[in-house]
Amino acid sequence: MEYNYKEVEQKWRQFWEDNQTFKTGIDTTKPKYYVLDMFPYPSGAGLHVGHPLGYIASDIIARYKRLKGFNVLHPMGFDSFGLPAEQYAIQTGQHPAITTEENITTYIRQLKQIGFSYDWTKEVRTSDSKYYKWTQWIFMQLFNHYYDKDANKALKITDLVEKFATSGNKSVNAVCDEDTPVFTSEEWNAMSEFDQQSMLLKYRLTYPDESVVNWCPGLGTVLANDEVKDGVSERGGFHVEQKKMKQWAMRITAYADRLIDGLNEVDWSDALKEQQRNWIGRSTGASVKFQVDASTVQENAPEFIEVFTTRVDTIYGVSFMVIAPEHEYVPFLTTPEQKEAVDEYVKWVASRSELDRMSEVKKVSGVFTGSYVINPFNDEKVPIYLADYVLAGYGTGAVMGVPSGDQRDWNFATHFNLPIIPILDTQKDIDKQADNTKEGKYINSGIINGLEYKEATKTLTTYLEEKGIGKGKIQYRLRNAVFSRQRYWGEPVPVYFKDGLPYLIEESELPLDLPVIDKYLPTETGEPPLGRAENWKYKGEYEYELSTMPGWAGSSWYWYRYMDAQNEQEFASQESINYWKAIDLYIGGSEHATGHLLYSRFWNKFLKDLGLVPEEEFAKKLINQGMIQGRSNFVYRLAVSNLKSLAEIKIVYTDIYFSHGYYTQFKNGELSLEKVQELVKSVTDKNLWEGFENPKFDLIDRHVDVNIVNNDILDTNAFKNWREDFANAEFILEDGKYICGVEVEKMSKSKYNVVNPDILVDKVGADTLRLYEMFLGPLEQAKPWNTNGIDGSFRFIKKVWRLFYEDLGNFKVKDEAPTPAELKVLHTAIKKVEEDLERYSFNTVVSTLMICVNDLGSLKCSKKAILQELVILMSPYTPHIAEELWTLLGNEAGTISYASFPKFNPSYLVEANFEYPISINGKVRANISFPTDAIPADIEAGVLANEIVQKWLEGKAPKKVIVVPKRIVNVVM
RNA sequence: GCCAGGGUGGUGGAACUGGUAGACACGCAGGACUUAAAAUCCUGUGAACGUAAGUUCGUACGGGUUCGAUUCCCGUCCCCGGUACCA
């Protein structure tokens with residue numbers, strides 16, 4: 001009897017839904033396990049085979065943990081705010097909510113087909129106002145808190161106000177803007193409401209700030225770096241410039257140290273942790289103030305320029321200073337002679353994105369301002385340059401140039417003919433390249449001459465602090481996160497403006513719903529789309545914030561909402577948060593390494609400070625799944641042409657398609673016209689070259705829908721039916737097949753390489769798809785999608801079925817006692833499956849299951865005791881067929897989901913004899929055979945076993961014996 | 001550029017802690033069953049040489065450490081992700 005996967009799978013999906021098999025609640029009698037997928041953005045292209053990869057893995061773990069007796073929370077939802085729906089709205093006028101709703105419906109339908117054990121009653125959508133009410137609520141908490149460095153946590157802003165009123169801000173050790181002045185309580189109390197509120201903004205964890213954005217005047221909007229290609233907008237090709245704009249910011253830097261320290265307590269890959277550490281970029285160094293040489297500068301020029309350096313010890317090697325081209329000091333430092341050159345340079349830089357500037361480090365560019373600073377240590381005059389490798393937003397926007405110790409500075413100095421001063425006696429070849437060594441003794445270095453690195457740094461820092469011109473400082477690469485977007489489809493910021501200052505709306509007024517607007521573009525005056533909303537004023541009077549929140553707002557806390565998704569009083573009840581606590585296993589793409597995962601950790605720490613959540617880190621274990629790339633297929637169309645003269649080229653595209661092998665020959669210049677003409681004759685009587693003088697041909701590659709290609713072989717009939725212009729296609733085959741070309745590209749609609757899971761579920765069933773996706777390779781590795789091997793997984797399912805049914809359709813499972821050989825096969829599998837799942841090696845489990853089923857097939861095993869355990873073992877991977885077989889074995893329907901995982905018994909694996917492989921002098925191989933009960937303990941333990949070998953060599957003493965557990969690796973004679 | 005990861009047969013990959021490289025699967029070739037096809041089952045399948053036993057080479061490339069390296073170290077090349085407004 002053939003296994004009818006369609007019927008069986010449908011039946012069990014229905015069963016799970018009808019019986020709410022996977023609905024989870026608080027159950028204190030069981031240990032809890034929270035396994036979560038990074039929720040998807042519901043794009044218009046629907047779910048492709050890359051999405052389920054991580055979902056299948058997490059589902060396997062969820063099902064495995066249920067078998068292990070855990071109460072498992074395994075939810076799914078949608079990160080449904082985002083740019084694509086808004087772009088679509090701009091193009092078509094359809095409200096993003098409608099687009100989003102449609103896409104989510106598709107996603108849910110597709111997800112349900114794969115048999116995930118989600119508790120759908122806990123679904124969340126970030127664009128649902130019942131959800132974003134709480135995103136806005138968290139924003140309000142951030143606004144109402146500041147970071148106290150002494151308490152090392154966020155505290156209420158009202159506490160801060162109290163402190164200001166009683167003792168000013170001198171004794172307050174809090175994270176705030178760099179330019180915050182010191183004031184007394186008297187001064188504070190004398191301040192106007194406006195000044196007090198402005199001052200508090202310098203402390204709040206979210207605050208309005210000036211930041212640089214990609215401004216596109218042509219579109220009247222701000223663009224993501226992603227939307228800018230080569231200095232122009234991807235959409236429309238308009239000019240893009242860098243512009244400063246008022247934006248909400250999140251004071252994530254307040255948490256920088258805790259974000260670094262917290263990495264020690266999570267089980268994430270070292271690579272990912274390293275990336276986060278580097279992103280935060282804590283560097284210890286010093287800030288140094290350089291006095292500006294007043295003789296050449298303009299009025300209002302600053303007295304000092306401050307730089308941050310991690311190598312204060314190189315200060316005597318400074319031969320120039322560079323400030324960012326957009327630095328506010330630039331106009332004051334530029335001399336009249338240099339003005340033209342400086343203006344031109346600044347203009348050029350403004351046209352370049354930050355990414356361009358960072359990327360093209362090899363090309364040195366810059367311009368002299370005409371002014372100088374004085375090196376405080378040796379009173380040397382140092383020229384001030386502008387260069388685009390210095391970014392205004394990082395540090396002080398100014399750096400000191402030490403060509404002998406830094407390659408970029410060296411390149412700059414060489415380009416502008418600036419001196420390169422050696423500062424360490426160990427530096428070599430500094431006329432050819434920089435040498436960044438810290439070894440050796442200082443030379444040409446005033447007060448640190450003859451000292452070594454550590455002492456020198458200490459001496460200099462002390463000197464700086466004594467003179468009040470600098471201090472030891474910890475600097476972070478991490479910048480405060482920009483939190484506004486000039487977009488429509490995002491959470492409105494629950495803020496209104498009074499007298500130019502932001503105020504929160506009342507909590508009771510949440511959610512602040514997105515207003516309805518008719519067009520989704522910015523306003524004519526350059527305001528964000530929300531500026532179009534009519535009569536949208538707070539209390540009918542005050543202007544609301546017109547920006548919306550960024551994509552990451554809603555995704556920075558969603559795992560708590562799943563715990564109690566319907567709660568209208570809180571973002572989740574304390575009871576549920578304290579039960580589920582944190583995510584035990586989180587699976588998602590590595591592209592979120594520094595975005596989502598960092599912001600989420602930040603918000604989680606903040607919520608922890610408020611006492612709302614119990615854990616400092618939100619995800620204990622994290623696995624990054626690799627990206628699935630597309631694998632495009634090509635057909636090769638024959639084009640016939642003649643080249644009479646350049647003016648008279650005639651090209652005719654024929655309906656003849658050549659198999660890939662001919663294309664390869666063609667590319668290598670091995671395919672002659674005669675050969676092509678001969679091949680063409682086999683499919684058509686027409687002379688395609690009739691009337692052509694000097695005939696030529698070409699093979700044109702075209703993408704072909706991968707869904708009508710199987711194992712790179714084209715389904716020629718499906719191709720003819722695919723599109724009208726292929727209806728009359730003729731094919732030049734190889735070995736009777738039309739073989740397509742292959743290329744790895746991004747998955748995209750236009751390349752016809754999007755493989756849709758629905759089609760595969762229809763063709764081979766959800767179990768096969770689940771099995772195959774896991775079998776593809778290590779979860780964490782990026783790989784192109786390839787459907788070629790899926791038959792192997794399909795065969796596995798059919799083989800399992802045949803363990804239960806004879807060819808004639810009789811159920812053959814017997815209630816007999818299993819043989820030792822059968823038990824060995826089963827228990828080998830139990831051990832491997834368990835071990836591999838515990839280390840999240842999803843692909844090797846599939847091999848283990850395949851070997852187990854093959855072996856049981858060879859043993860013609862149809863014993864109930866064996867098959868029952870096998871079915872449980874398979875159930876996380878192939879739940880549908882497992883459910884079916886489980887009931888066929890006489891168990892109650894649906895109980896397999898909470899059955900217990902087979903217990904491994906090592907005694908079934910013990911052999912009577914064990915062969916120890918041995919090699920002598922690295923070459924000759926032989927085996928020593930021992931009865932198992934006589935295996936020497938020192939071989940098991942992997943220690944030297946000279947005696948044993950000597951005995952085996954009949955008395956000859958080996959020089960050296962190298963033994964590893966269960967193997968004598970080498971005997972050196 | 002910078003940060004991080006990767007490169008193993010015709011293909012996807014396995015080898016977990018430095019210990020018999022290529023498990024498992026796809027594909028291919030041959031065979032069995034069949035009127036035939038499909039399905040299924042069996043055998044072979046890294047390369048070179050050899051009738052064979054076997055020998056040599058072989059984990060991107062070049063070096064190093066080690067009795068022993070796909071694994072550790074140094075250098076080079078190539079591919080993928082991130083690079084702060086894609087999500």
# chains A, B, ... in the order shown; residues from 1 in each chain; ligands from 1

call {"tool": "select_by_dssp", "arguments": {"residues": "segment 454-615 of chain A", "states": "strand (DSSP E)", "output": "list in words"}}
result
Gly470, Lys471, Gly472, Lys473, Ile474, Gln475, Tyr476, Ala481, Val482, Val495, Tyr496, Phe497, Lys498, Leu501, Pro502, Tyr503, Leu504, Lys537, Tyr538, Tyr542, Glu543, Tyr544, Leu585, Tyr586, Ile587, Gly588 and Gly589 of chain A

call {"tool": "write_last_selection", "arguments": {"atoms": "C-alpha atoms", "output": "PDB file, in the first residue's frame"}}
result
ATOM      1  CA  GLY A 470      43.062  65.920  28.909  1.00  0.00           C
ATOM      2  CA  LYS A 471      42.281  62.754  30.810  1.00  0.00           C
ATOM      3  CA  GLY A 472      42.164  59.004  30.592  1.00  0.00           C
ATOM      4  CA  LYS A 473      38.908  58.072  28.933  1.00  0.00           C
ATOM      5  CA  ILE A 474      36.890  55.104  27.748  1.00  0.00           C
ATOM      6  CA  GLN A 475      35.420  55.656  24.340  1.00  0.00           C
ATOM      7  CA  TYR A 476      32.787  53.573  22.570  1.00  0.00           C
ATOM      8  CA  ALA A 481      20.567  54.822  18.121  1.00  0.00           C
ATOM      9  CA  VAL A 482      18.510  57.036  15.848  1.00  0.00           C
ATOM     10  CA  VAL A 495       4.761  62.728  21.882  1.00  0.00           C
ATOM     11  CA  TYR A 496       3.388  66.189  21.199  1.00  0.00           C
ATOM     12  CA  PHE A 497       5.195  69.504  21.086  1.00  0.00           C
ATOM     13  CA  LYS A 498       4.499  72.526  23.239  1.00  0.00           C
ATOM     14  CA  LEU A 501       9.592  71.008  23.494  1.00  0.00           C
ATOM     15  CA  PRO A 502       8.420  67.389  23.430  1.00  0.00           C
ATOM     16  CA  TYR A 503       5.941  66.104  26.000  1.00  0.00           C
ATOM     17  CA  LEU A 504       4.451  62.652  26.406  1.00  0.00           C
ATOM     18  CA  LYS A 537      -3.449  67.429  16.861  1.00  0.00           C
ATOM     19  CA  TYR A 538      -3.040  66.584  20.522  1.00  0.00           C
ATOM     20  CA  TYR A 542      -0.512  70.683  19.865  1.00  0.00           C
ATOM     21  CA  GLU A 543       1.482  69.222  16.992  1.00  0.00           C
ATOM     22  CA  TYR A 544       2.215  65.520  17.341  1.00  0.00           C
ATOM     23  CA  LEU A 585      16.583  28.858  22.385  1.00  0.00           C
ATOM     24  CA  TYR A 586      16.377  31.627  19.817  1.00  0.00           C
ATOM     25  CA  ILE A 587      16.871  30.885  16.125  1.00  0.00           C
ATOM     26  CA  GLY A 588      17.300  33.428  13.346  1.00  0.00           C
ATOM     27  CA  GLY A 589      19.566  34.879  10.712  1.00  0.00           C
TER      28      GLY A 589
END

call {"tool": "closest_atom_pairs", "arguments": {"of": "chain B", "to": "chain A", "cutoff": "10 Å", "atoms": "only C-alpha atoms (C1' of nucleotides)", "output": "CSV"}}
result
residue,atom,partner,partner_atom,distance
B:G1,C1',A:Ser359,CA,4.4
B:C2,C1',A:Met358,CA,7.9
B:C3,C1',A:Gln275,CA,6.2
B:A4,C1',A:Gln275,CA,5.9
B:G5,C1',A:Ala271,CA,7.4
B:G6,C1',A:Gln781,CA,8.0
B:U11,C1',A:Asn788,CA,8.8
B:G12,C1',A:Leu776,CA,6.0
B:G13,C1',A:Gly777,CA,6.0
B:A14,C1',A:Thr844,CA,7.7
B:C16,C1',A:Asp836,CA,8.8
B:G19,C1',A:Val969,CA,6.4
B:U20,C1',A:Pro917,CA,8.0
B:A23,C1',A:Ser847,CA,8.4
B:C24,C1',A:Ser847,CA,4.8
B:A25,C1',A:Gly792,CA,6.1
B:C26,C1',A:Gly789,CA,4.5
B:G27,C1',A:Asn711,CA,8.6
B:U40,C1',A:Lys799,CA,10.0
B:C67,C1',A:Asn970,CA,7.3
B:G68,C1',A:Gly922,CA,8.0
B:C80,C1',A:Ala782,CA,7.0
B:G81,C1',A:Glu591,CA,5.9
B:G82,C1',A:Glu591,CA,6.1
B:U83,C1',A:Leu355,CA,7.3
B:A84,C1',A:Ala481,CA,7.6
B:C85,C1',A:Ala224,CA,4.1
B:C86,C1',A:Asp226,CA,6.4
B:A87,C1',A:Tyr41,CA,6.4

call {"tool": "residues_around", "arguments": {"residues": "segment 69-77 of chain B", "least_positions_apart": "4", "cutoff": "12 Å", "atoms": "only C-alpha atoms (C1' of nucleotides)", "output": "PyMOL selection string"}}
result
chain B and resi 7-8+14-19+21-22+58-65

call {"tool": "closest_residue", "arguments": {"among": "A:His145, A:Lys428, A:Lys122, A:Lys202", "to": "Leu607 of chain A", "atoms": "only C-alpha atoms"}}
result
A:His145

call {"tool": "select_by_dssp", "arguments": {"residues": "segment 324-409 of chain A", "states": "alpha helix (DSSP H)", "output": "PyMOL selection string"}}
result
chain A and resi 330-333+339-350+354-359+407-409

call {"tool": "closest_residue", "arguments": {"among": "A:Ile423, A:Ile26, A:Val322, A:Leu111", "to": "Arg408 of chain A", "atoms": "only C-alpha atoms"}}
result
A:Val322
